[in-house]
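Listing of run.txt; format and content: compact mmCIF, C-alpha atoms.
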```txt
# COMPACT_ATOMS: atom_id res chain seq x y z
CA MET A 188 20.73 -39.37 60.27
CA GLU A 189 19.64 -39.97 56.67
CA ASN A 190 22.25 -39.44 53.95
CA THR A 191 21.23 -36.40 51.90
CA THR A 192 24.47 -36.21 49.93
CA GLY A 193 25.77 -38.37 47.13
CA VAL A 194 28.41 -40.04 49.33
CA ASP A 195 28.27 -43.85 49.13
CA ARG A 196 25.79 -43.74 46.24
CA THR A 197 26.28 -44.76 42.63
CA PHE A 198 23.91 -43.41 39.95
CA LEU A 199 23.59 -45.25 36.65
CA PHE A 200 22.05 -43.21 33.84
CA LEU A 201 20.20 -44.92 30.98
CA GLN A 202 18.60 -43.05 28.07
CA GLY A 203 17.62 -39.45 28.61
CA PRO A 204 16.01 -36.56 26.75
CA HIS A 205 17.84 -35.41 23.62
CA GLY A 206 20.58 -32.94 24.40
CA PRO A 207 22.95 -32.16 27.28
CA PHE A 208 20.62 -32.34 30.31
CA PHE A 209 21.63 -35.79 31.56
CA ALA A 210 25.33 -34.93 31.32
CA ALA A 211 24.78 -31.72 33.33
CA LEU A 212 22.73 -33.63 35.91
CA GLY A 213 25.45 -36.28 36.20
CA ARG A 214 28.12 -33.64 36.81
CA MET A 215 26.04 -32.06 39.57
CA LEU A 216 25.56 -35.44 41.25
CA CYS A 217 29.33 -36.01 41.08
CA ARG A 218 29.86 -32.72 42.93
CA SER A 219 27.52 -33.99 45.64
CA GLY A 220 29.90 -36.90 46.29
CA ALA A 221 28.17 -39.55 44.20
CA GLU A 222 29.74 -41.88 41.66
CA VAL A 223 28.05 -41.57 38.24
CA TRP A 224 28.00 -43.84 35.18
CA ARG A 225 26.09 -43.80 31.90
CA VAL A 226 25.02 -46.69 29.69
CA GLY A 227 24.80 -45.66 26.04
CA PHE A 228 22.91 -47.55 23.37
CA ASN A 229 23.87 -45.57 20.27
CA ALA A 230 26.13 -42.79 19.00
CA GLY A 231 23.58 -40.14 20.01
CA ASP A 232 23.80 -41.21 23.65
CA HIS A 233 27.61 -41.14 23.43
CA ALA A 234 27.77 -37.71 21.78
CA PHE A 235 25.97 -35.91 24.60
CA TRP A 236 27.67 -37.58 27.58
CA ARG A 237 30.63 -36.30 29.56
CA PRO A 238 32.98 -37.48 31.02
CA ARG A 239 33.84 -40.20 28.51
CA ASN A 240 35.55 -42.41 31.12
CA ARG A 241 32.18 -42.80 32.87
CA TYR A 242 30.46 -44.14 29.78
CA ILE A 243 29.53 -47.82 29.26
CA PRO A 244 28.58 -48.70 25.67
CA PHE A 245 25.96 -51.41 25.18
CA ARG A 246 26.47 -52.88 21.71
CA ASP A 247 24.65 -56.18 22.13
CA THR A 248 21.06 -57.14 21.28
CA LEU A 249 18.01 -56.37 23.41
CA GLU A 250 17.75 -60.05 24.35
CA ASN A 251 21.07 -59.79 26.17
CA TRP A 252 20.33 -56.49 27.87
CA PRO A 253 18.86 -57.90 31.14
CA SER A 254 21.97 -59.98 31.90
CA LYS A 255 24.29 -57.11 30.99
CA PHE A 256 22.27 -54.73 33.17
CA GLU A 257 22.45 -57.15 36.10
CA THR A 258 26.23 -57.35 35.67
CA ILE A 259 26.61 -53.57 35.64
CA LEU A 260 24.47 -53.21 38.77
CA THR A 261 26.70 -55.67 40.60
CA GLU A 262 30.10 -54.54 39.32
CA LYS A 263 29.44 -50.84 39.92
CA ALA A 264 27.52 -51.35 43.18
CA VAL A 265 24.68 -49.26 41.72
CA THR A 266 22.26 -47.77 44.25
CA ASP A 267 20.20 -45.61 41.86
CA ILE A 268 19.22 -45.66 38.19
CA VAL A 269 18.12 -42.57 36.26
CA LEU A 270 16.03 -42.67 33.10
CA TYR A 271 13.70 -40.65 30.88
CA GLY A 272 10.37 -42.42 30.48
CA ASP A 273 9.80 -45.92 31.79
CA THR A 274 7.99 -47.72 28.96
CA ARG A 275 10.58 -48.12 26.16
CA PRO A 276 11.78 -51.77 26.20
CA ILE A 277 15.26 -51.18 27.62
CA HIS A 278 13.82 -49.08 30.44
CA ALA A 279 10.90 -51.36 31.24
CA LEU A 280 13.29 -54.30 31.63
CA ALA A 281 15.70 -52.22 33.72
CA VAL A 282 12.95 -50.98 36.03
CA LYS A 283 11.74 -54.51 36.69
CA ILE A 284 15.24 -55.71 37.58
CA ALA A 285 16.03 -52.64 39.68
CA GLN A 286 12.82 -53.07 41.67
CA SER A 287 13.71 -56.69 42.43
CA ARG A 288 17.10 -55.57 43.79
CA GLY A 289 15.89 -52.59 45.83
CA VAL A 290 17.65 -50.06 43.60
CA ASN A 291 16.19 -46.54 43.62
CA ILE A 292 14.51 -45.62 40.31
CA HIS A 293 14.51 -41.95 39.30
CA VAL A 294 12.15 -41.26 36.38
CA PHE A 295 12.06 -38.03 34.41
CA GLU A 296 9.31 -37.12 32.00
CA GLU A 297 7.91 -34.07 30.28
CA GLY A 298 5.93 -32.05 32.80
CA TYR A 299 2.41 -33.09 33.68
CA LEU A 300 1.89 -29.32 33.82
CA ARG A 301 4.08 -28.61 30.79
CA PRO A 302 5.62 -26.58 29.33
CA TYR A 303 6.96 -24.78 32.41
CA TRP A 304 7.69 -27.79 34.60
CA VAL A 305 9.41 -31.18 34.35
CA THR A 306 8.09 -34.32 35.99
CA TYR A 307 10.35 -36.11 38.47
CA GLU A 308 9.07 -39.28 40.20
CA ARG A 309 10.38 -42.48 41.75
CA GLY A 310 9.44 -45.90 40.41
CA GLY A 311 7.37 -44.87 37.39
CA SER A 312 5.57 -42.11 35.52
CA ASN A 313 2.31 -41.56 33.64
CA GLY A 314 0.26 -44.76 33.91
CA ASN A 315 2.86 -46.22 36.29
CA SER A 316 2.92 -43.17 38.56
CA ARG A 317 1.95 -43.27 42.22
CA LEU A 318 -0.57 -40.57 41.34
CA MET A 319 -2.75 -43.20 39.67
CA ASP A 320 -3.71 -44.60 43.08
CA MET A 321 -4.25 -41.28 44.90
CA THR A 322 -7.54 -39.56 45.62
CA ILE A 323 -8.23 -35.84 45.90
CA ALA A 324 -9.01 -36.35 49.59
CA GLU A 325 -5.55 -37.83 50.18
CA MET A 326 -3.97 -34.89 48.39
CA GLU A 327 -5.93 -32.43 50.52
CA ARG A 328 -4.67 -34.09 53.69
CA ALA A 329 -1.06 -33.90 52.50
CA LEU A 330 -1.44 -30.22 51.61
CA GLU A 331 -2.50 -29.40 55.16
CA LEU A 332 1.23 -29.48 55.99
CA SER A 333 1.94 -26.66 53.53
CA ASP A 334 0.73 -23.08 53.40
CA MET A 335 2.65 -21.89 50.35
CA GLU A 336 0.91 -20.50 47.29
CA ALA A 337 1.18 -22.36 44.00
CA PRO A 338 4.09 -20.95 41.94
CA LEU A 339 3.35 -19.00 38.77
CA PRO A 340 4.85 -20.00 35.43
CA PRO A 341 7.62 -17.95 33.80
CA ALA A 342 7.06 -15.89 30.67
CA HIS A 343 8.67 -18.67 28.61
CA TRP A 344 11.50 -21.18 28.57
CA GLY A 345 11.94 -21.19 24.79
CA ASP A 346 12.15 -24.98 24.74
CA THR A 347 10.30 -26.00 21.55
CA ARG A 348 12.89 -24.94 18.99
CA HIS A 349 15.70 -26.34 21.20
CA HIS A 350 13.78 -29.61 21.50
CA VAL A 351 13.52 -29.93 17.72
CA PHE A 352 17.18 -28.93 17.23
CA TYR A 353 18.52 -31.49 19.71
CA GLY A 354 16.22 -34.15 18.30
CA ALA A 355 17.59 -33.57 14.80
CA LEU A 356 21.19 -33.52 16.06
CA TYR A 357 20.73 -36.73 18.07
CA HIS A 358 19.34 -38.56 15.04
CA TRP A 359 22.16 -37.20 12.87
CA PHE A 360 24.69 -38.87 15.15
CA VAL A 361 22.73 -42.13 15.09
CA MET A 362 22.34 -42.03 11.32
CA PHE A 363 25.94 -41.18 10.36
CA THR A 364 28.21 -42.30 13.23
CA ASN A 365 26.52 -45.41 14.62
CA GLN A 366 28.89 -48.03 13.17
CA ALA A 367 29.91 -49.22 16.65
CA TYR A 368 26.30 -49.93 17.62
CA ARG A 369 25.14 -52.20 14.81
CA ASN A 370 22.67 -54.03 17.05
CA PHE A 371 20.87 -50.83 18.10
CA ARG A 372 17.17 -50.81 17.35
CA PRO A 373 15.16 -47.65 18.11
CA HIS A 374 12.14 -48.03 20.37
CA ARG A 375 10.00 -46.37 17.69
CA ALA A 376 8.88 -48.05 14.47
CA LEU A 377 10.42 -45.59 12.00
CA PRO A 378 14.04 -46.07 10.89
CA VAL A 379 16.51 -43.48 12.16
CA THR A 380 17.00 -42.00 8.67
CA ARG A 381 13.29 -41.23 8.47
CA GLU A 382 13.32 -39.76 12.00
CA PHE A 383 16.19 -37.45 11.04
CA ARG A 384 14.47 -36.29 7.84
CA LEU A 385 11.27 -35.53 9.76
CA TYR A 386 13.13 -33.45 12.37
CA LEU A 387 15.05 -31.59 9.66
CA GLN A 388 11.94 -30.99 7.60
CA ARG A 389 10.14 -29.63 10.64
CA LEU A 390 12.99 -27.22 11.39
CA LEU A 391 12.98 -25.91 7.81
CA MET A 392 9.19 -25.62 7.60
CA MET A 393 8.67 -23.83 10.92
CA PRO A 394 7.99 -20.38 9.35
CA ALA A 395 5.48 -21.75 6.83
CA HIS A 396 3.76 -23.88 9.43
CA ALA A 397 3.53 -20.90 11.78
CA LEU A 398 1.72 -18.86 9.11
CA GLU A 399 -0.64 -21.72 8.29
CA ARG A 400 -1.39 -22.22 11.99
CA ARG A 401 -2.04 -18.52 12.54
CA LEU A 402 -4.53 -18.36 9.67
CA ALA A 403 -6.36 -21.52 10.79
CA THR A 404 -6.60 -20.20 14.35
CA LEU A 405 -7.96 -16.85 13.17
CA ARG A 406 -10.65 -18.58 11.08
CA ILE A 407 -11.80 -20.46 14.17
CA ARG A 408 -11.59 -17.55 16.61
CA TYR A 409 -13.55 -15.24 14.33
CA GLY A 410 -15.90 -17.86 12.93
CA GLY A 411 -18.64 -17.06 15.44
CA PHE A 412 -19.53 -20.73 16.05
CA PRO A 413 -19.38 -22.79 19.28
CA TYR A 414 -16.68 -25.45 19.08
CA HIS A 415 -15.22 -28.45 20.88
CA LEU A 416 -11.50 -29.25 20.96
CA ALA A 417 -9.90 -32.62 20.32
CA LEU A 418 -6.33 -32.65 21.68
CA LEU A 419 -4.15 -34.89 19.55
CA GLN A 420 -0.96 -36.62 20.64
CA LEU A 421 2.05 -38.14 18.95
CA GLU A 422 1.07 -41.65 17.93
CA HIS A 423 4.58 -42.88 18.79
CA ASP A 424 4.57 -41.24 22.25
CA SER A 425 4.86 -43.62 25.19
CA SER A 426 1.70 -42.30 26.88
CA PHE A 427 -0.33 -43.15 23.79
CA GLN A 428 1.39 -46.46 23.08
CA ALA A 429 1.44 -47.87 26.62
CA HIS A 430 -1.48 -46.21 28.39
CA SER A 431 -4.32 -45.87 25.88
CA PRO A 432 -7.03 -48.21 24.52
CA PHE A 433 -6.25 -47.29 20.88
CA ASP A 434 -3.92 -49.02 18.45
CA SER A 435 -3.53 -45.91 16.30
CA MET A 436 -4.43 -42.23 16.24
CA THR A 437 -6.87 -43.01 13.40
CA ASP A 438 -8.90 -45.13 15.85
CA PHE A 439 -9.22 -42.12 18.13
CA LEU A 440 -10.12 -39.79 15.24
CA THR A 441 -12.83 -42.22 14.14
CA LEU A 442 -14.38 -42.41 17.60
CA VAL A 443 -14.38 -38.64 18.08
CA ILE A 444 -15.84 -37.68 14.69
CA GLU A 445 -18.46 -40.42 14.80
CA ASN A 446 -19.70 -39.33 18.22
CA PHE A 447 -19.50 -35.64 17.37
CA ALA A 448 -21.76 -36.27 14.36
CA ALA A 449 -24.17 -38.26 16.54
CA GLY A 450 -24.32 -36.02 19.59
CA ALA A 451 -23.24 -32.42 19.03
CA PRO A 452 -25.80 -29.73 18.14
CA GLN A 453 -25.75 -29.10 14.39
CA HIS A 454 -24.41 -25.56 14.72
CA HIS A 455 -21.39 -26.72 16.79
CA HIS A 456 -17.96 -27.32 15.26
CA LEU A 457 -15.07 -29.66 16.11
CA VAL A 458 -11.43 -28.50 16.14
CA PHE A 459 -8.55 -30.99 16.08
CA LYS A 460 -5.42 -29.46 17.63
CA ALA A 461 -2.20 -31.29 16.68
CA HIS A 462 0.67 -31.83 19.10
CA PRO A 463 3.33 -29.06 18.91
CA LEU A 464 5.92 -31.66 17.81
CA GLU A 465 3.73 -33.39 15.22
CA ASP A 466 6.00 -34.15 12.27
CA GLY A 467 3.71 -35.63 9.66
CA ARG A 468 4.57 -39.31 10.07
CA VAL A 469 0.82 -39.92 10.50
CA PRO A 470 -1.40 -38.27 7.82
CA LEU A 471 -3.69 -36.63 10.38
CA ARG A 472 -5.18 -33.92 8.14
CA ARG A 473 -6.04 -36.44 5.42
CA GLU A 474 -7.65 -38.86 7.87
CA ILE A 475 -9.66 -36.10 9.53
CA ARG A 476 -11.00 -34.91 6.17
CA ARG A 477 -11.87 -38.46 5.12
CA LEU A 478 -13.72 -39.24 8.34
CA ALA A 479 -15.50 -35.88 8.40
CA ARG A 480 -16.81 -36.47 4.86
CA LEU A 481 -17.83 -40.00 5.79
CA HIS A 482 -19.96 -38.75 8.70
CA LYS A 483 -21.27 -35.71 6.77
CA VAL A 484 -19.70 -33.06 9.03
CA ALA A 485 -16.89 -31.88 6.72
CA ASP A 486 -18.03 -28.24 6.91
CA ARG A 487 -17.89 -28.31 10.73
CA VAL A 488 -14.51 -29.97 11.34
CA HIS A 489 -11.18 -28.08 11.47
CA TYR A 490 -7.51 -28.97 11.87
CA VAL A 491 -4.85 -26.75 13.48
CA ARG A 492 -1.20 -27.70 13.15
CA GLY A 493 0.67 -27.54 16.49
CA GLY A 494 1.33 -24.23 18.20
CA LYS A 495 0.11 -22.95 21.54
CA LEU A 496 -3.21 -24.12 22.92
CA ALA A 497 -4.29 -21.08 24.94
CA GLN A 498 -5.87 -19.10 22.10
CA LEU A 499 -8.12 -22.00 21.11
CA LEU A 500 -9.05 -22.80 24.70
CA ASN A 501 -10.39 -19.33 25.42
CA ASP A 502 -13.69 -20.02 23.60
CA ALA A 503 -13.89 -23.83 23.63
CA ARG A 504 -17.05 -25.50 24.97
CA SER A 505 -15.33 -28.77 25.88
CA ALA A 506 -12.27 -30.87 25.10
CA VAL A 507 -11.60 -34.53 24.45
CA THR A 508 -8.28 -36.39 24.47
CA VAL A 509 -6.69 -39.80 24.90
CA ASN A 510 -4.41 -38.85 27.81
CA SER A 511 -2.59 -35.70 26.67
CA THR A 512 -0.96 -33.58 29.35
CA ALA A 513 -2.42 -30.58 27.50
CA ALA A 514 -5.67 -31.54 29.24
CA GLN A 515 -4.25 -29.87 32.35
CA GLN A 516 -4.70 -26.51 30.60
CA VAL A 517 -8.30 -27.45 29.86
CA LEU A 518 -9.01 -28.28 33.49
CA TRP A 519 -7.25 -25.14 34.74
CA ARG A 520 -9.81 -23.10 32.80
CA GLY A 521 -12.76 -25.11 34.14
CA ILE A 522 -13.64 -26.52 30.71
CA PRO A 523 -15.37 -29.94 30.60
CA LEU A 524 -12.95 -32.74 29.69
CA LYS A 525 -13.34 -36.30 28.42
CA ALA A 526 -10.30 -38.63 28.45
CA PHE A 527 -9.93 -42.23 27.25
CA GLY A 528 -6.46 -43.41 28.30
CA SER A 529 -4.81 -43.85 31.68
CA ALA A 530 -3.81 -40.39 32.90
CA VAL A 531 -2.57 -39.00 36.19
CA TYR A 532 -5.33 -36.35 36.09
CA ASP A 533 -8.17 -38.82 35.55
CA GLN A 534 -10.07 -38.00 38.74
CA PRO A 535 -13.88 -38.39 38.86
CA GLU A 536 -14.27 -34.92 40.32
CA PHE A 537 -13.17 -33.21 37.11
CA VAL A 538 -12.92 -35.69 34.21
CA SER A 539 -16.28 -36.58 32.65
CA LYS A 540 -17.55 -40.16 32.67
CA GLN A 541 -20.42 -39.40 30.23
CA PRO A 542 -20.68 -41.38 26.98
CA LEU A 543 -18.93 -39.34 24.29
CA ALA A 544 -22.04 -38.51 22.23
CA ASP A 545 -23.77 -37.28 25.42
CA PHE A 546 -20.64 -35.32 26.31
CA PHE A 547 -20.77 -33.46 22.99
CA ALA A 548 -24.52 -32.89 23.43
CA GLY A 549 -24.09 -31.27 26.86
CA ALA A 550 -21.02 -31.85 29.01
CA SER A 551 -21.22 -31.62 32.79
CA ARG A 552 -19.01 -29.00 34.44
CA PRO A 553 -15.87 -30.16 36.27
CA ASP A 554 -15.29 -29.49 39.97
CA ASN A 555 -12.80 -26.65 39.60
CA ARG A 556 -12.02 -26.47 43.33
CA ALA A 557 -10.99 -30.14 43.29
CA TYR A 558 -8.77 -29.53 40.27
CA LYS A 559 -7.03 -26.61 41.95
CA THR A 560 -6.26 -28.88 44.90
CA TYR A 561 -4.86 -31.48 42.53
CA ARG A 562 -2.78 -28.93 40.63
CA ARG A 563 -1.33 -27.45 43.80
CA TYR A 564 -0.44 -30.95 44.98
CA LEU A 565 1.51 -31.62 41.78
CA LEU A 566 3.34 -28.29 42.02
CA GLU A 567 4.47 -29.14 45.55
CA THR A 568 5.58 -32.66 44.69
CA SER A 569 6.55 -34.02 41.27
CA GLN A 570 6.51 -30.87 39.11
CA VAL A 571 9.91 -29.16 39.08
CA PRO A 572 10.34 -25.74 37.42
CA GLY A 573 12.53 -25.80 34.34
CA GLY A 574 13.00 -27.86 31.21
CA PHE A 575 15.36 -30.25 29.43
CA TYR A 576 16.27 -28.36 26.29
CA SER A 577 17.06 -24.64 26.58
CA ALA A 578 20.07 -23.58 28.69
CA ARG A 579 17.96 -21.31 30.88
CA ALA A 580 15.42 -24.05 31.56
CA ARG A 581 18.14 -26.58 32.43
CA ARG A 582 19.72 -24.19 34.91
CA GLN A 583 16.39 -23.69 36.64
CA LEU A 584 15.73 -27.42 36.80
CA LEU A 585 19.16 -28.32 38.20
CA ARG A 586 18.77 -25.82 41.05
CA GLN A 587 16.15 -28.03 42.66
CA VAL A 588 16.00 -31.53 41.24
CA VAL A 589 19.40 -32.76 42.47
CA ASP A 590 18.39 -32.26 46.10
CA MET A 591 15.11 -34.06 45.37
CA MET A 592 17.04 -37.02 43.96
CA LEU A 593 19.34 -37.17 47.00
CA SER A 594 16.44 -37.03 49.44
CA PRO A 595 15.54 -40.35 51.10
CA ASP A 596 11.86 -39.61 50.37
CA ASP A 597 10.18 -39.44 46.98
CA PRO A 598 8.33 -36.16 46.22
CA TYR A 599 4.95 -37.46 47.41
CA LYS A 600 6.21 -38.98 50.65
CA ALA A 601 8.29 -35.86 51.34
CA LEU A 602 5.19 -33.65 51.30
CA ALA A 603 3.15 -36.08 53.42
CA SER A 604 5.92 -36.38 56.02
CA GLY A 605 6.75 -32.68 56.08
CA THR A 606 10.29 -33.13 54.74
CA ALA A 607 9.75 -31.51 51.33
CA ALA A 608 12.20 -28.73 50.50
CA PRO A 609 10.79 -25.23 49.92
CA ARG A 610 9.75 -24.63 46.32
CA GLN A 611 11.27 -21.88 44.22
CA GLN A 612 9.02 -19.10 43.03
CA LEU A 613 9.48 -18.75 39.30
CA ARG A 614 10.46 -15.41 37.87
CA LEU A 615 8.05 -13.95 35.35
CA VAL A 616 10.64 -12.17 33.24
CA SER A 617 13.48 -13.43 31.10
CA ASP A 618 16.99 -13.52 32.51
```
Show me, as structure tokens, the structure contained in the file I just sent.
Amino acid sequence: MENTTGVDRTFLFLQGPHGPFFAALGRMLCRSGAEVWRVGFNAGDHAFWRPRNRYIPFRDTLENWPSKFETILTEKAVTDIVLYGDTRPIHALAVKIAQSRGVNIHVFEEGYLRPYWVTYERGGSNGNSRLMDMTIAEMERALELSDMEAPLPPAHWGDTRHHVFYGALYHWFVMFTNQAYRNFRPHRALPVTREFRLYLQRLLMMPAHALERRLATLRIRYGGFPYHLALLQLEHDSSFQAHSPFDSMTDFLTLVIENFAAGAPQHHHLVFKAHPLEDGRVPLRREIRRLARLHKVADRVHYVRGGKLAQLLNDARSAVTVNSTAAQQVLWRGIPLKAFGSAVYDQPEFVSKQPLADFFAGASRPDNRAYKTYRRYLLETSQVPGGFYSARARRQLLRQVVDMMLSPDDPYKALASGTAAPRQQLRLVSD
């Protein structure tokens, strides 16, 4: 009989989402009978981990990480590693070594169907996910073993403000208490001091930004013009860095505005929607204005800072993105979509393959039935209800994901073999 407890298993945690989620997950795995350790790379990792006697500091350089990781795997008899995102250098190296040794790799990411779900996969996520090699027909066959209805999202998790708070707190620890980790180098280009200032500035400016966003959205909603949406991402995000054809967000802005000017009817407008966590490190508004003037469409191009997408989607004609997970909301509404990067939703049935100028001139409709099959497949496999940042969301996530991690089958194999655990139906009201 397969072992579905933590007995005889050792989980090694690497870097996780900001905040206490990984520590809570580790404690739950300990209760299952597993042994749990954490490797920390800076004071922020250390601050959020408990218990302290299960913490292994890594204070060396990145060049020496592979040999240190190999040593830890051997000394602790590690059977499983747990990480958040698989493309940052320390994780990419660890995944490669773990694969060569037959160690289970548990990867967490923000939900492909965010914000109400978290992504949990084995081996890799986003462009490295098993979903990249699956067809809609294969998903349909797997779903024949299930007759449950797709779960509905909750009213809200309240994660955004918690996300920003924990991000600021994490960078505070790294900025002011990192003396023991002098070799630490962040996986992003900005220095930690700049990261902290951006998080803090965003926290302080939230009320003003909310007012600005509300006014911009109202101008678009009541403008009476047809419009297309461009869904922007964080330039430093792993999905953009590792799984897109662009070197910078400016390259994407240039392509979109140039093709909008060439292909869209002259009475149509273009709306750039910033990522909810956009912090100003890239001068998006300035670049959009410059490019719109260059291509003589300045009076037809708009910028909306962050916020929720739903209000803008209600009247959008089409949407274009690199590989943003926000595209899932576009597809759910049956709106034509054009994507440029590697994305788990890039299926020919519902993501346009038209040249971009032709797409703006007259996009073909997506196959909404195929998308609903795809969405239901995700909800029964890798999408777990809950979130990393608010207490309520973490509680919801822990109720299910620990059993998924202890299962001998990954989420996709579990559904195909009929061993997937029943999914929780999400409550639509706050606790």
Using only C-alpha atoms: which of A:Met591, A:Lys483, A:Leu416, A:Leu478 has the shortest distance to Ser505 in chain A: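 Closest residue, counting only C-alpha atoms: A:Leu416.
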(message) Which residues are close to range 401-412 of chain A, i.e. within 8 Å by all atoms listed in the file, leaving aside same-chain residues fewer than 3 positions away? Reply as a list in words.
(response) Ala397, Leu398, His454, His455, His456, Tyr490, Val491, Gln498, Leu499 and Asp502 of chain A
For Ala580 in chain A, find every residue with an atom within 10 Å (counting all atoms listed in the file), except residues of its own chain fewer than 2 positions away, and show them as a ChimeraX atom specification. /A:208,303-305,343-346,572-578,582-585
Excluding His233 in chain A and any residue of its chain fewer than 5 positions from it, enumerate the residues within 8 Å of it, using all atoms listed in the file, and give them as an MDAnalysis selection string.
chainID A and resid 227:228 242 244
| task | Name the residues, using the chain letters and numbers of the file, that sit within 12 Å of (6.9, -50.1, 23.6) when counting all atoms listed in the file, and give them as a VMD selection string. | result | chain A and resid 272 to 280 373 to 376 422 to 430
For range 321-324 of chain A: contacts at 10 Å, all atoms listed in the file, fewer than 2 positions along chain excluded, given as a JSON list (two decimals) with C-alpha atoms, keeping the file's coordinate frame:
```
[["chain", "number", "residue", "atom", "x", "y", "z"],
["A", 316, "SER", "CA", 2.92, -43.17, 38.56],
["A", 317, "ARG", "CA", 1.95, -43.27, 42.22],
["A", 318, "LEU", "CA", -0.57, -40.57, 41.34],
["A", 319, "MET", "CA", -2.75, -43.20, 39.67],
["A", 326, "MET", "CA", -3.97, -34.89, 48.39],
["A", 327, "GLU", "CA", -5.93, -32.43, 50.52],
["A", 328, "ARG", "CA", -4.67, -34.09, 53.69],
["A", 329, "ALA", "CA", -1.06, -33.90, 52.50],
["A", 330, "LEU", "CA", -1.44, -30.22, 51.61],
["A", 531, "VAL", "CA", -2.57, -39.00, 36.19],
["A", 534, "GLN", "CA", -10.07, -38.00, 38.74],
["A", 535, "PRO", "CA", -13.88, -38.39, 38.86],
["A", 536, "GLU", "CA", -14.27, -34.92, 40.32],
["A", 557, "ALA", "CA", -10.99, -30.14, 43.29],
["A", 558, "TYR", "CA", -8.77, -29.53, 40.27],
["A", 560, "THR", "CA", -6.26, -28.88, 44.90],
["A", 561, "TYR", "CA", -4.86, -31.48, 42.53],
["A", 564, "TYR", "CA", -0.44, -30.95, 44.98]]
```
- prompt: Counting all atoms listed in the file, which of A:Arg237, A:Arg477, A:Arg218, A:Arg504 gets nearest to Gly521 in chain A?
  reply: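 Smallest distance to Gly521 in chain A is found for A:Arg504.
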Check: Of the residues A:Phe527, A:Tyr599, A:Ile522, A:Thr364, which is the one nearest to Phe439 in chain A, using all atoms listed in the file?
Finding: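 Among the listed residues, the smallest separation from Phe439 in chain A belongs to A:Phe527.
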*In Å, rounded to a single decimal, give me how far CA of Asn229 in chain A is from CA of Val361 in chain A.*
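Rounded to one decimal, the two atoms are 6.3 Å apart.
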Can you measure CA of Pro302 in chain A to CA of Pro553 in chain A for me? One decimal in Å is fine.
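Calculated distance between CA of Pro302 in chain A and CA of Pro553 in chain A is 22.9 Å.
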Hey, can you check how far CA of His415 in chain A sits from CA of Ser435 in chain A?
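We find that CA of His415 in chain A and CA of Ser435 in chain A lie 21.5 Å from each other.
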Which polymer residues have any atom within 10 Å of an atom of Lys600 in chain A, counting only C-alpha atoms, with same-chain residues fewer than 6 positions away left out, as a CSV table (one decimal) with C-alpha atoms, in the frame of the given file?
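To be explicit, this is the file written out as part-v8.csv:
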```csv
chain,number,residue,atom,x,y,z
A,329,ALA,CA,-1.1,-33.9,52.5
A,568,THR,CA,5.6,-32.7,44.7
A,606,THR,CA,10.3,-33.1,54.7
A,607,ALA,CA,9.8,-31.5,51.3
```
message: Between A:Leu464, A:Val458, A:Leu418, A:Leu201, which residue has the minimum interatomic distance to His489 in chain A, considering all atoms listed in the file?
response: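 Comparing A:Leu464, A:Val458, A:Leu418, A:Leu201 against His489 in chain A, the winner is A:Val458.
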In terms of all atoms listed in the file, the residue from A:Glu474, A:Glu257, A:Asp195, A:Asp590 at minimal distance from Val571 in chain A is A:Asp590
> Which one is closest to Val589 in chain A: A:Pro253, A:Asn446, A:Gly203, A:Tyr307? Count all atoms listed in the file.
Replying inline: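 Under the stated criterion, the closest residue is A:Tyr307.
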Checklist entry - In file coordinates, which residues lie within 7 Å of (17.3, -39.3, 20.6) using all atoms listed in the file, given as a PyMOL selection string? => result chain A and resi 204-205+231+354+357-358
